[in-house]
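Note sheet for the following structure.
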Amino acid sequence: MFERKKLLDLEEYFLDLGSRREHGVFFCRICGYHAKVKAFVQKYYDSARKSGVVIEGRIPNPDEKNLAYYGEIMGMDFCMEKSFLAASLQKWLPRMNGYQRENVAQSLYGTLEGMQREGKNENMLKNAYIKFMCWLYYRFERIVNQLGAEHVPKILYEGEVSNYELKMLDILSHAGCDIVLLQYQGDASYQKLDPASKVSDVFQMPGMEPFPDTFHLKFIRKELEQEMERERLYGQKPELTNATNAWIEGKGLSDIRKEPRLRGEDPKLFYNCFLRICGVEDKTTYLNELYQFQLELKNSKRSLVVVEHQIQQPTMEEINAIHRKQYAKQEQMLMDLSANIKYTANQSLQRILVKAFLDVLFEEAGKPDMNLNKLTNKAVYLLCWLNRYQPKLFSNWKQPDIGCFIYLGGCRTELEAMFLRFLARIPVDVLVLVPDLSRACCLTDRLLYEIHYEQSMAVEKFPRENAEIRMGTAAYHAEQELDSVLYQDSGMYRDRQYGKSNAVSLQTMYEEIELLWDQELKYRPNFSTVDSVVNIPVLFAKVSGVKDGNVPAYWDGIRKLVTEHTVVARTVPYVEPEGANPIKPHVTAFFKNGKLLRAKIKEHPSYPYGFLREEIQEHILDKLQLLIEQRLIKGTFENGMEYTIIATILNMKMELVRLIQGFDFTKKNPKFLYINTTERMISLEDAILAAFLNLAGFDVLFLIPTGYQNIEKFYNGKIMEEHQIGEYLYDLRVPDFGKGLSGIRQSWRERLFKRGN
């Protein structure tokens, strides 16, 4: 028979019989959890599943059919002799050879003899014998003919073992089986059966904890199935593996400069770098260092990609180029989408790209709240960006080539961070530069190496060409630091400190309009600055009627609202629907899939705003996009209304364009007064213009002494306030308010008397 040996390390279970320290088997019970225990159980379960027996829960007692068959074949005789047991085994389990049968018979006899010493009578011994024989046939027949072989058969038992089950396992142990008991509830129950641990040993190691509730063989089985599925997904593994940052000296740019062929000698590895540098070491030399760095990379013929502040989202064309279907399972989705990765010029690189793609997405799949739809979207983003940059990074790639991807500004979204983690696992050096310490980078990764400097510096563009380098003197940088102290969260603002704004319409009483009208925006309620964007409170209202019917006082009140930043529309309509509009024939080419095609707009010969500051052009296009997206105008996305909106806003009068150009988002905002004293209807174009000016940050006020409905009919919902202030009056003549007027048609008397003056 085989003797049970003391286990020193769990890996000894997997040694062949002839390679063990001592000739024998192992029978251990594991009562605590550890990462090494989990790894061992996974491996041992796989081995027992393939060439052993796995028991989850109790071994069922022989049922009537089992006993009837046993009686039919063997009869119900019993004799407490080894020869009887050996002869019975030969008849009952004929696949065992003589050596195996002898060991089992001797072990079975020893167990029955022990029961006899405990006081069990012959009838009880007979019942135990029949139970053991049935268990050998129905539960362990697949391993009895492996007993004594070099590869020791394995039994894995999960749960609280019973008295007779333990005796059966003891029989198989002495016959030549390795056995593991998984006891999730501790060792107390087992100790009642075998207090001296004569049958098995308890395995212990430092750091063991109670088993978590989630740990069980079903969990292990699921993980193994997932692992097998993943192996199938990966297909043929790449010949090369990344040695990311394993070779660097921590010198930042100098590490990336190092020639790839000098980084390491193992032909099975590619040596790349994954680095983030936060802050700058010296403001006066930083830009020149970056320029010289990229120049050296180009001169060494290394592939280089530089991205500034944002990895542009995939376009519809890029997304549509990804072949995909509807998916019911994660593995199905990953296998199908990974087929989009093509690099036919080098199969080795293609396998590296596929493996990195799957590695990163399996990490993403493990995040909380992740579902199949979200994971599919992330996979599509990853493929779009790979298709975009692959030609630049891997043109004519061969080992040991290493491209370089530089991202200035740091990751702002999890999608960007995911893409950089992908790049760090393929033959690419990934350099993330965050010179401005006030801007956070959300990238985290176990492979990432970081360097931190204390000085902060705002850098808008990476210095690719000599002409782009503008290096500040020490005095200049000192002034910039003082500037940031004075104008950062202090309530004081530089001229045109902010390039983006959001308009927030205020709900006010009528009397408040005059009080707020000429007030700087920063003093109005709900003014704020968040993430370099100004939230500006604006007025958007209609005033109906004349207070107390007092016409002179009514006009005097309006006169007070006419400032140097005010455009007054006295004639209806302000925008003539049939007026000249050179941009109108071309607007259908400027809008696609719900988005303005900004590049096409700016490049068109009829585009009228090319002379404006770039941030003002973007401001106009931002608010035009918002006007369409919010569907403020009735009929938007119906019958081409969006094209009317575009044509109207890209053909504004110069008096309005100049006010937008001069608009400082933290100071006084431009005004638009629209006066209609007649029954003439305000045009659709006027309604579009007013809604746009409101979004662009203007105070917009409609003065309607007649109380008639006019502009409301063009809007979806109530987007502006209405103040009813008094008596309705008709056919009032709009006086001359002076500068800032628009559309004033003087009578012949006014022109005559003006000449006379």
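Starting from 1 in every chain, residues are counted up; chains themselves are A, B, ... following the order of the structure tokens, and ligands are numbered from 1 as listed.
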**Request:** Pick out the residues sitting within 10 Å of A:Glu318, and hand them over as a PyMOL selection string; count only C-alpha atoms, and ignore anything fewer than 6 positions along from it in its own chain.
**Result:** chain A and resi 380-381+383-385+387-388
Generate the output file for the selected residues, C-alpha atoms, as a PDB file, in the first residue's frame.
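Writing the result to again-v3.pdb gives the following:
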```
ATOM      1  CA  VAL A 380     -15.274  50.271 -31.321  1.00  0.00           C
ATOM      2  CA  TYR A 381     -13.544  53.429 -30.026  1.00  0.00           C
ATOM      3  CA  LEU A 383     -10.460  50.086 -33.091  1.00  0.00           C
ATOM      4  CA  CYS A 384     -11.274  53.491 -34.616  1.00  0.00           C
ATOM      5  CA  TRP A 385      -8.277  55.105 -32.948  1.00  0.00           C
ATOM      6  CA  ASN A 387      -7.071  52.465 -37.501  1.00  0.00           C
ATOM      7  CA  ARG A 388      -6.424  56.221 -37.351  1.00  0.00           C
TER       8      ARG A 388
END
```
**Asked** Which neighbours of A:Glu416 fall inside 10 Å, counting only C-alpha atoms, when residues of the same chain fewer than 3 positions from it are skipped, and could you give them as a list in words?
**Response** Gln310, Ile311, Gln312, Gln313, Tyr381, Leu382, Trp385, Gly410, Cys411, Arg412, Thr413, Phe419, Leu420, Arg421, Phe422, Cys442 and Leu443 of chain A
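Residue neighbourhood of stretch 190-198 of chain A, excluding near-sequence residues (fewer than 3 positions): Asn163, Asp187 and Asp201 of chain A, at 7 Å, using only C-alpha atoms.
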Could the residues in this selection be written to a file with C-alpha atoms, as a PDB file, in the first residue's frame?
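After the write, result-v7.pdb holds the following:
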```pdb
ATOM      1  CA  ASN A 163     -17.594   9.263   8.468  1.00  0.00           C
ATOM      2  CA  ASP A 187     -11.706  22.152  10.571  1.00  0.00           C
ATOM      3  CA  ASP A 201      -3.005  16.511   7.243  1.00  0.00           C
TER       4      ASP A 201
END
```
**Request:** Once DSSP has gone over the backbone, tell me which residues of stretch 362-415 of chain A are in helix (DSSP H, G or I), as a ChimeraX atom specification.
**Result:** /A:362-365,372-393,414-415
Using only C-alpha atoms, please write the residues we just selected to a file, as a PDB file, in the first residue's frame.
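Okay, part04.pdb is ready:
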```
ATOM      1  CA  PHE A 362     -10.900  42.102 -20.484  1.00  0.00           C
ATOM      2  CA  GLU A 363      -9.651  44.606 -17.892  1.00  0.00           C
ATOM      3  CA  GLU A 364     -12.447  46.975 -18.855  1.00  0.00           C
ATOM      4  CA  ALA A 365     -14.995  44.135 -18.640  1.00  0.00           C
ATOM      5  CA  LEU A 372     -22.044  44.307 -23.057  1.00  0.00           C
ATOM      6  CA  ASN A 373     -23.271  47.470 -24.757  1.00  0.00           C
ATOM      7  CA  LYS A 374     -20.751  49.713 -22.963  1.00  0.00           C
ATOM      8  CA  LEU A 375     -17.921  47.284 -23.626  1.00  0.00           C
ATOM      9  CA  THR A 376     -18.841  47.097 -27.313  1.00  0.00           C
ATOM     10  CA  ASN A 377     -18.736  50.889 -27.588  1.00  0.00           C
ATOM     11  CA  LYS A 378     -15.309  50.953 -25.938  1.00  0.00           C
ATOM     12  CA  ALA A 379     -14.052  48.277 -28.314  1.00  0.00           C
ATOM     13  CA  VAL A 380     -15.274  50.271 -31.321  1.00  0.00           C
ATOM     14  CA  TYR A 381     -13.544  53.429 -30.026  1.00  0.00           C
ATOM     15  CA  LEU A 382     -10.319  51.481 -29.565  1.00  0.00           C
ATOM     16  CA  LEU A 383     -10.460  50.086 -33.091  1.00  0.00           C
ATOM     17  CA  CYS A 384     -11.274  53.491 -34.616  1.00  0.00           C
ATOM     18  CA  TRP A 385      -8.277  55.105 -32.948  1.00  0.00           C
ATOM     19  CA  LEU A 386      -6.021  52.171 -33.850  1.00  0.00           C
ATOM     20  CA  ASN A 387      -7.071  52.465 -37.501  1.00  0.00           C
ATOM     21  CA  ARG A 388      -6.424  56.221 -37.351  1.00  0.00           C
ATOM     22  CA  TYR A 389      -2.888  56.040 -35.950  1.00  0.00           C
ATOM     23  CA  GLN A 390      -1.695  52.603 -37.105  1.00  0.00           C
ATOM     24  CA  PRO A 391      -0.388  53.827 -40.501  1.00  0.00           C
ATOM     25  CA  LYS A 392       1.724  56.510 -38.810  1.00  0.00           C
ATOM     26  CA  LEU A 393       3.056  54.305 -36.001  1.00  0.00           C
ATOM     27  CA  GLU A 414     -11.584  57.026 -19.482  1.00  0.00           C
ATOM     28  CA  LEU A 415     -11.721  56.244 -23.197  1.00  0.00           C
TER      29      LEU A 415
END
```
**Asked** atom CA of A:Ile341 to atom CA of A:Ile322: how many Å, to one decimal?
**Response** 9.6 Å
**Request:** Considering only C-alpha atoms, return as a PyMOL selection string whatever protein or nucleic-acid residues lie within 7 Å of stretch 585-601 of chain A, sequence-local ones (same chain, fewer than 4 positions apart) excluded.
**Result:** chain A and resi 607+625+643+646-647
Save out the residues we just selected, N, CA and C atoms, as a CSV table (one decimal), in the first residue's frame.
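The new file out-v2.csv reads:
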```
chain,number,residue,atom,x,y,z
A,607,TYR,N,-17.9,82.0,-46.6
A,607,TYR,CA,-17.9,82.1,-45.1
A,607,TYR,C,-17.6,83.6,-44.7
A,625,GLN,N,-24.5,75.3,-33.3
A,625,GLN,CA,-24.7,73.9,-33.0
A,625,GLN,C,-25.7,73.6,-31.9
A,643,TYR,N,-31.3,74.0,-42.0
A,643,TYR,CA,-30.5,74.7,-43.0
A,643,TYR,C,-30.9,76.2,-43.0
A,646,ILE,N,-28.9,77.7,-40.1
A,646,ILE,CA,-27.5,77.9,-40.5
A,646,ILE,C,-27.4,79.1,-41.4
A,647,ALA,N,-28.2,79.2,-42.4
A,647,ALA,CA,-28.1,80.3,-43.4
A,647,ALA,C,-28.3,81.7,-42.7
```
**Item:** Selection near A:Val533, 10 Å with only C-alpha atoms, sequence-local residues under 3 positions removed, as a PyMOL selection string
**Value:** chain A and resi 497-502+528-530+536+665
Preceding selection exported with C-alpha atoms as an mmCIF file, in the first residue's frame:
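Dumped everything to selection_3.cif:
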```
data_model
loop_
_atom_site.group_PDB
_atom_site.id
_atom_site.type_symbol
_atom_site.label_atom_id
_atom_site.label_comp_id
_atom_site.auth_asym_id
_atom_site.auth_seq_id
_atom_site.Cartn_x
_atom_site.Cartn_y
_atom_site.Cartn_z
ATOM 1 C CA GLN A 497 -9.471 85.684 -19.938
ATOM 2 C CA TYR A 498 -12.028 83.065 -21.024
ATOM 3 C CA GLY A 499 -12.752 81.788 -24.523
ATOM 4 C CA LYS A 500 -15.906 79.779 -23.823
ATOM 5 C CA SER A 501 -19.229 80.621 -22.199
ATOM 6 C CA ASN A 502 -22.641 79.215 -21.404
ATOM 7 C CA SER A 528 -19.647 81.627 -12.240
ATOM 8 C CA THR A 529 -16.544 80.193 -13.891
ATOM 9 C CA VAL A 530 -16.080 76.415 -14.041
ATOM 10 C CA ILE A 536 -23.103 84.185 -17.898
ATOM 11 C CA PHE A 665 -17.509 87.219 -21.177
#
```
**Request:** Find the residues near A:Ala687: any atom within 9 Å, counting only C-alpha atoms, skip ones fewer than 5 places away on the same chain, and give them as an MDAnalysis selection string.
**Result:** chainID A and resid 633 682 692 711:712 714:715
Pull C-alpha atoms from the residues just selected and write them as a PDB file, in the first residue's frame.
```pdb
ATOM      1  CA  ILE A 633     -37.032  76.525 -33.320  1.00  0.00           C
ATOM      2  CA  ILE A 682     -41.807  89.215 -36.876  1.00  0.00           C
ATOM      3  CA  PHE A 692     -29.088  82.530 -31.168  1.00  0.00           C
ATOM      4  CA  ILE A 711     -42.118  85.735 -31.922  1.00  0.00           C
ATOM      5  CA  GLU A 712     -43.577  83.012 -29.657  1.00  0.00           C
ATOM      6  CA  PHE A 714     -41.675  80.099 -33.828  1.00  0.00           C
ATOM      7  CA  TYR A 715     -40.398  78.539 -30.573  1.00  0.00           C
TER       8      TYR A 715
END
```
**Message:** Need to verify the contact set: A:Gly235, 12 Å, only C-alpha atoms, exclusion of same-chain residues closer than 5 positions in sequence. Can you return it as a list in words?
**Reply:** Met228, Glu229, Arg230, Met335, Ser338, Ala339, Gln350, Arg351, Ile352, Val354, Lys355 and Leu358 of chain A
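Every residue of stretch 180-284 of chain A with a DSSP assignment of strand (DSSP E or B), taken from the backbone, is listed as Val180, Leu181, Leu182, Asp201, Val202, Phe203, Glu209, Thr241, Asn242, Leu269, Phe270, Phe274, Leu275, Arg276, Ile277, Cys278 and Val280 of chain A.
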**Request:** Using atom CA of A:Leu217 and atom CA of A:Glu56 as the two end points, give the distance in Å to one decimal.
**Result:** 7.7 Å
List every residue of stretch 642-693 of chain A that has an atom at most 10 Å from any atom of stretch 557-562 of chain A, giving for each one its closest atom pair and the distance in Å to one decimal, counting only C-alpha atoms, sorted by chain and then by ascending residue number, as a tab-separated table.
```
residue	atom	partner	partner_atom	distance
A:Lys671	CA	A:Val562	CA	8.4
A:Phe672	CA	A:Val562	CA	9.2
A:Leu673	CA	A:Val562	CA	8.2
A:Ile675	CA	A:Ile558	CA	9.7
```
**A:Met96, A:Leu181, A:Tyr109, A:Tyr157 ranked by distance to A:Arg29, top pick (using only C-alpha atoms)** = A:Leu181
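Taking atom CA of A:Asn676 as the reference point, atom CA of A:Leu703 is found at 6.5 Å.
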**Request:** Have a look at A:Val53, A:Ile660, A:Ile256, A:Val434 and name the one nearest to A:Gln294; count only C-alpha atoms.
**Result:** A:Ile256
**Request:** Rank A:Leu85, A:Ala345, A:Ala424, A:Ala417 by their smallest atom-to-atom distance to A:Asn242, using only C-alpha atoms, and report the top residue only.
**Result:** A:Ala424
**Prompt:** Which is closer to A:Gly697 than all the others in A:Glu642, A:Glu578, A:Arg658, A:Lys623, using only C-alpha atoms?
**Reply:** A:Lys623
